[in-house]
Amino acid sequence: MREHPGIRAVLPQRYPMLLVDRILELDPRRSIRTVKAVTATEPCYAGLPEDAEPWRYHYPPALLIESFGQSAALLWLDGHAPAADDGLTLMFVGATEFVFEGGVLPGDVLIHTVRLDNVIAGTAFASGETWAGTRRVARVTTLVATRRPVPHLTGPADASAVAAGPGPAQRSREGSR
Amino acid sequence: MSGLAGGAAAPLRAVDTYTAIPDGDGWLLCSTLLVRGDDPSLRGHFPGLPVLPGVFVVEALGQLMRLALGDGTGAPALRALTSVRFFAPLLDGDELRLTARATAAPGGWSVRAEGRSAAGTVTSRVRAEYGAPC
């Protein structure tokens, strides 16, 4: 089991977007089980009015996806922080068949089970499920992540430059593995 | 800072403006979102380098669906992302311009959406199914 400091050491996200609380199990390069506890004090609930109906308390699917994706990143990075100076940021680049099967409410403790299915040319392909107790609340057939350069302080006009896929630095890094 | 666009729990208000036009058996929907680096969520994604999280495109589409087609009971809620692809990040000061076509489907809506930057670059594509909340 690995606690939050070990997660912060690996993932670049910070409050309120660091959405993994604990690693329960990590089988390197194969699978990971993580915990994300949902509470009523999360910022996503701050704007709800006093008379909000129950459905308005459903935890946003986008945050569940992000939490799952961060769990996949922890698996791919094998619990180790990437080299700080390679200029690459781990990015969620896509998913296929991310299906939501049950609502998530404050008080639910999400368990993500992620399997790393493949790593091809610096791009990782994962699959898995998310449970709240005995309820499966989501499953995903394929989640795709890669490490891309993000231009610092260059402004939106240059953002398309990072869309071309893995750069030379990434290829050489992956090639050395 | 959070929540109220579409009326559900949300990490941010992900729709600044939107339009909804009837289009055959469905709707043509458009929305905009200015990427604000000082949004609390973006301060954590990432510290010193605000990037709109890709999943916030999913959030924006969900809020757009609820604003345009919501019935007050939580529908349309995201039931499945059939496919989502992110091609380029949106940085502080850029704009997410989302266009979506929602087609009536059994129990809800099938949606195809495309996100572009202010410069017109396609940054994301989404195919999704929306229905009653699960």
# chains A, B, ... in the order shown; residues from 1 in each chain; ligands from 1
call {"tool": "closest_atom_pairs", "arguments": {"of": "chain B", "to": "chain A", "cutoff": "9 Å", "atoms": "only C-alpha atoms", "output": "JSON lines"}}
result
{"residue": "B:Met1", "atom": "CA", "partner": "A:Gly47", "partner_atom": "CA", "distance": 7.1}
{"residue": "B:Ser2", "atom": "CA", "partner": "A:Gly47", "partner_atom": "CA", "distance": 5.3}
{"residue": "B:Gly3", "atom": "CA", "partner": "A:Gly47", "partner_atom": "CA", "distance": 4.5}
{"residue": "B:Leu4", "atom": "CA", "partner": "A:Gly47", "partner_atom": "CA", "distance": 6.0}
{"residue": "B:Gly7", "atom": "CA", "partner": "A:Arg56", "partner_atom": "CA", "distance": 6.6}
{"residue": "B:Ala8", "atom": "CA", "partner": "A:Arg56", "partner_atom": "CA", "distance": 4.2}
{"residue": "B:Ala9", "atom": "CA", "partner": "A:Cys44", "partner_atom": "CA", "distance": 5.1}
{"residue": "B:Ala10", "atom": "CA", "partner": "A:Cys44", "partner_atom": "CA", "distance": 4.6}
{"residue": "B:Pro11", "atom": "CA", "partner": "A:Cys44", "partner_atom": "CA", "distance": 4.5}
{"residue": "B:Leu12", "atom": "CA", "partner": "A:Cys44", "partner_atom": "CA", "distance": 7.2}
{"residue": "B:Pro40", "atom": "CA", "partner": "A:Pro16", "partner_atom": "CA", "distance": 7.3}
{"residue": "B:Ser41", "atom": "CA", "partner": "A:Pro16", "partner_atom": "CA", "distance": 5.8}
{"residue": "B:Leu42", "atom": "CA", "partner": "A:Met17", "partner_atom": "CA", "distance": 7.9}
{"residue": "B:Arg43", "atom": "CA", "partner": "A:Arg14", "partner_atom": "CA", "distance": 7.7}
{"residue": "B:Gly44", "atom": "CA", "partner": "A:Arg14", "partner_atom": "CA", "distance": 4.2}
{"residue": "B:His45", "atom": "CA", "partner": "A:Gln13", "partner_atom": "CA", "distance": 5.2}
{"residue": "B:Phe46", "atom": "CA", "partner": "A:Gln13", "partner_atom": "CA", "distance": 5.5}
{"residue": "B:Pro47", "atom": "CA", "partner": "A:Arg14", "partner_atom": "CA", "distance": 7.0}
{"residue": "B:Leu49", "atom": "CA", "partner": "A:His152", "partner_atom": "CA", "distance": 7.0}
{"residue": "B:Val51", "atom": "CA", "partner": "A:Val150", "partner_atom": "CA", "distance": 8.9}
{"residue": "B:Pro53", "atom": "CA", "partner": "A:Glu66", "partner_atom": "CA", "distance": 8.4}
{"residue": "B:Gly54", "atom": "CA", "partner": "A:Phe92", "partner_atom": "CA", "distance": 6.9}
{"residue": "B:Val55", "atom": "CA", "partner": "A:Ala62", "partner_atom": "CA", "distance": 5.2}
{"residue": "B:Phe56", "atom": "CA", "partner": "A:Ala62", "partner_atom": "CA", "distance": 6.5}
{"residue": "B:Val57", "atom": "CA", "partner": "A:Ala62", "partner_atom": "CA", "distance": 8.5}
{"residue": "B:Val58", "atom": "CA", "partner": "A:Ala62", "partner_atom": "CA", "distance": 6.0}
{"residue": "B:Glu59", "atom": "CA", "partner": "A:Ala62", "partner_atom": "CA", "distance": 5.6}
{"residue": "B:Gly62", "atom": "CA", "partner": "A:Ala62", "partner_atom": "CA", "distance": 9.0}
{"residue": "B:Thr73", "atom": "CA", "partner": "A:Trp55", "partner_atom": "CA", "distance": 7.3}
{"residue": "B:Gly74", "atom": "CA", "partner": "A:Trp55", "partner_atom": "CA", "distance": 5.8}
{"residue": "B:Leu78", "atom": "CA", "partner": "A:Phe100", "partner_atom": "CA", "distance": 7.3}
{"residue": "B:Arg79", "atom": "CA", "partner": "A:Phe100", "partner_atom": "CA", "distance": 5.1}
{"residue": "B:Ala80", "atom": "CA", "partner": "A:Val99", "partner_atom": "CA", "distance": 4.2}
{"residue": "B:Leu81", "atom": "CA", "partner": "A:Phe98", "partner_atom": "CA", "distance": 4.9}
{"residue": "B:Thr82", "atom": "CA", "partner": "A:Glu97", "partner_atom": "CA", "distance": 4.5}
{"residue": "B:Ser83", "atom": "CA", "partner": "A:Thr96", "partner_atom": "CA", "distance": 4.5}
{"residue": "B:Val84", "atom": "CA", "partner": "A:Gly94", "partner_atom": "CA", "distance": 5.1}
{"residue": "B:Arg85", "atom": "CA", "partner": "A:Gly94", "partner_atom": "CA", "distance": 4.2}
{"residue": "B:Phe86", "atom": "CA", "partner": "A:Val93", "partner_atom": "CA", "distance": 4.8}
{"residue": "B:Phe87", "atom": "CA", "partner": "A:Ala163", "partner_atom": "CA", "distance": 5.2}
{"residue": "B:Ala88", "atom": "CA", "partner": "A:Ala163", "partner_atom": "CA", "distance": 4.8}
{"residue": "B:Pro89", "atom": "CA", "partner": "A:Ala159", "partner_atom": "CA", "distance": 6.4}
{"residue": "B:Leu90", "atom": "CA", "partner": "A:Pro156", "partner_atom": "CA", "distance": 6.7}
{"residue": "B:Leu91", "atom": "CA", "partner": "A:Pro156", "partner_atom": "CA", "distance": 5.7}
{"residue": "B:Asp92", "atom": "CA", "partner": "A:Gly155", "partner_atom": "CA", "distance": 7.4}
{"residue": "B:Gly93", "atom": "CA", "partner": "A:Pro156", "partner_atom": "CA", "distance": 7.1}
{"residue": "B:Asp94", "atom": "CA", "partner": "A:Pro156", "partner_atom": "CA", "distance": 5.5}
{"residue": "B:Glu95", "atom": "CA", "partner": "A:Pro156", "partner_atom": "CA", "distance": 8.7}
{"residue": "B:Ser117", "atom": "CA", "partner": "A:Pro156", "partner_atom": "CA", "distance": 8.0}
{"residue": "B:Ala118", "atom": "CA", "partner": "A:Pro156", "partner_atom": "CA", "distance": 8.1}
{"residue": "B:Ala119", "atom": "CA", "partner": "A:Ala157", "partner_atom": "CA", "distance": 6.8}
{"residue": "B:Thr121", "atom": "CA", "partner": "A:Ser160", "partner_atom": "CA", "distance": 6.7}
{"residue": "B:Val122", "atom": "CA", "partner": "A:Ser160", "partner_atom": "CA", "distance": 8.6}
{"residue": "B:Thr123", "atom": "CA", "partner": "A:Ser160", "partner_atom": "CA", "distance": 8.0}
{"residue": "B:Ala128", "atom": "CA", "partner": "A:Glu97", "partner_atom": "CA", "distance": 9.0}
{"residue": "B:Pro133", "atom": "CA", "partner": "A:Gly103", "partner_atom": "CA", "distance": 7.4}
{"residue": "B:Cys134", "atom": "CA", "partner": "A:Gly102", "partner_atom": "CA", "distance": 5.0}
call {"tool": "residues_around", "arguments": {"residues": "Val114 of chain A", "least_positions_apart": "4", "cutoff": "10 Å", "atoms": "only C-alpha atoms", "output": "PyMOL selection string"}}
result
chain A and resi 26+30-34+68-69+71-75+126-130+139-140+143
call {"tool": "write_last_selection", "arguments": {"atoms": "N, CA and C atoms", "output": "tab-separated table (two decimals), in the first residue's frame"}}
result
chain	number	residue	atom	x	y	z
A	26	LEU	N	0.03	-2.50	-6.40
A	26	LEU	CA	0.67	-2.16	-7.67
A	26	LEU	C	1.51	-3.35	-8.12
A	30	ARG	N	1.66	-4.27	-14.90
A	30	ARG	CA	0.51	-5.15	-15.13
A	30	ARG	C	-0.79	-4.52	-14.65
A	31	SER	N	-0.87	-4.21	-13.36
A	31	SER	CA	-2.16	-3.73	-12.85
A	31	SER	C	-1.95	-2.89	-11.59
A	32	ILE	N	-2.99	-2.15	-11.28
A	32	ILE	CA	-2.97	-1.31	-10.08
A	32	ILE	C	-4.38	-1.24	-9.53
A	33	ARG	N	-4.47	-1.12	-8.20
A	33	ARG	CA	-5.76	-0.84	-7.55
A	33	ARG	C	-5.57	0.40	-6.72
A	34	THR	N	-6.44	1.38	-6.93
A	34	THR	CA	-6.31	2.65	-6.23
A	34	THR	C	-7.63	3.04	-5.57
A	68	PHE	N	-9.52	7.87	-12.77
A	68	PHE	CA	-9.12	6.59	-13.38
A	68	PHE	C	-7.84	6.79	-14.19
A	69	GLY	N	-7.80	7.86	-14.96
A	69	GLY	CA	-6.62	8.13	-15.78
A	69	GLY	C	-5.37	8.35	-14.95
A	71	SER	N	-4.85	7.01	-12.10
A	71	SER	CA	-4.47	5.68	-11.61
A	71	SER	C	-3.69	4.93	-12.68
A	72	ALA	N	-4.13	5.06	-13.93
A	72	ALA	CA	-3.41	4.43	-15.04
A	72	ALA	C	-2.00	5.01	-15.16
A	73	ALA	N	-1.88	6.32	-14.93
A	73	ALA	CA	-0.56	6.96	-15.00
A	73	ALA	C	0.36	6.41	-13.91
A	74	LEU	N	-0.19	6.23	-12.73
A	74	LEU	CA	0.62	5.67	-11.63
A	74	LEU	C	1.10	4.27	-11.98
A	75	LEU	N	0.25	3.52	-12.65
A	75	LEU	CA	0.64	2.17	-13.07
A	75	LEU	C	1.75	2.24	-14.11
A	126	ALA	N	-4.66	1.14	-21.60
A	126	ALA	CA	-5.09	0.51	-20.36
A	126	ALA	C	-6.58	0.23	-20.42
A	127	SER	N	-7.04	-0.64	-19.54
A	127	SER	CA	-8.47	-0.93	-19.42
A	127	SER	C	-8.78	-1.14	-17.94
A	128	GLY	N	-10.05	-1.21	-17.61
A	128	GLY	CA	-10.35	-1.46	-16.20
A	128	GLY	C	-11.76	-1.11	-15.80
A	129	GLU	N	-11.93	-1.05	-14.49
A	129	GLU	CA	-13.24	-0.85	-13.90
A	129	GLU	C	-13.14	0.03	-12.67
A	130	THR	N	-14.27	0.63	-12.33
A	130	THR	CA	-14.35	1.40	-11.09
A	130	THR	C	-15.54	0.88	-10.28
A	139	ARG	N	-16.78	1.20	-16.40
A	139	ARG	CA	-15.79	0.31	-17.00
A	139	ARG	C	-15.28	0.96	-18.27
A	140	VAL	N	-14.04	0.66	-18.62
A	140	VAL	CA	-13.48	1.24	-19.83
A	140	VAL	C	-12.73	0.16	-20.59
A	143	LEU	N	-8.18	2.98	-22.51
A	143	LEU	CA	-7.80	4.34	-22.18
A	143	LEU	C	-6.39	4.55	-22.69
call {"tool": "closest_residue", "arguments": {"among": "B:Met65, B:Ala105, B:Ala77, B:Leu96", "to": "Arg36 of chain B", "atoms": "only C-alpha atoms"}}
result
B:Leu96
call {"tool": "closest_residue", "arguments": {"among": "A:Met1, A:Leu105, A:Ala40, A:Ile120", "to": "Ile23 of chain A", "atoms": "only C-alpha atoms"}}
result
A:Met1
call {"tool": "select_by_dssp", "arguments": {"residues": "chain B", "states": "alpha helix (DSSP H)", "output": "PyMOL selection string"}}
result
chain B and resi 40-43+55-69
call {"tool": "residues_around", "arguments": {"residues": "Glu3 of chain A", "least_positions_apart": "6", "cutoff": "10 Å", "atoms": "only C-alpha atoms", "output": "PyMOL selection string"}}
result
chain A and resi 20-24
call {"tool": "write_last_selection", "arguments": {"atoms": "C-alpha atoms", "output": "PDB file, in the first residue's frame"}}
result
ATOM      1  CA  VAL A  20      -6.101   9.514  -6.315  1.00  0.00           C
ATOM      2  CA  ASP A  21      -5.914   9.112  -2.540  1.00  0.00           C
ATOM      3  CA  ARG A  22      -4.092   5.822  -2.072  1.00  0.00           C
ATOM      4  CA  ILE A  23      -2.543   2.937  -3.963  1.00  0.00           C
ATOM      5  CA  LEU A  24      -3.794  -0.385  -2.613  1.00  0.00           C
TER       6      LEU A  24
END
call {"tool": "atom_distance", "arguments": {"atom1": "atom CA of Arg101 of chain B", "atom2": "atom CA of Gly26 of chain B"}}
result
7.1 Å
call {"tool": "residues_around", "arguments": {"residues": "segment 27-29 of chain B", "least_positions_apart": "6", "cutoff": "9 Å", "atoms": "only C-alpha atoms", "output": "list in words"}}
result
Tyr18, Thr19, Ala20, Ile21, Leu64, Met65, Ala68, Leu69, Leu98, Thr99, Ala100, Arg101, Ala102, Thr103, Ala104 and Ala113 of chain B
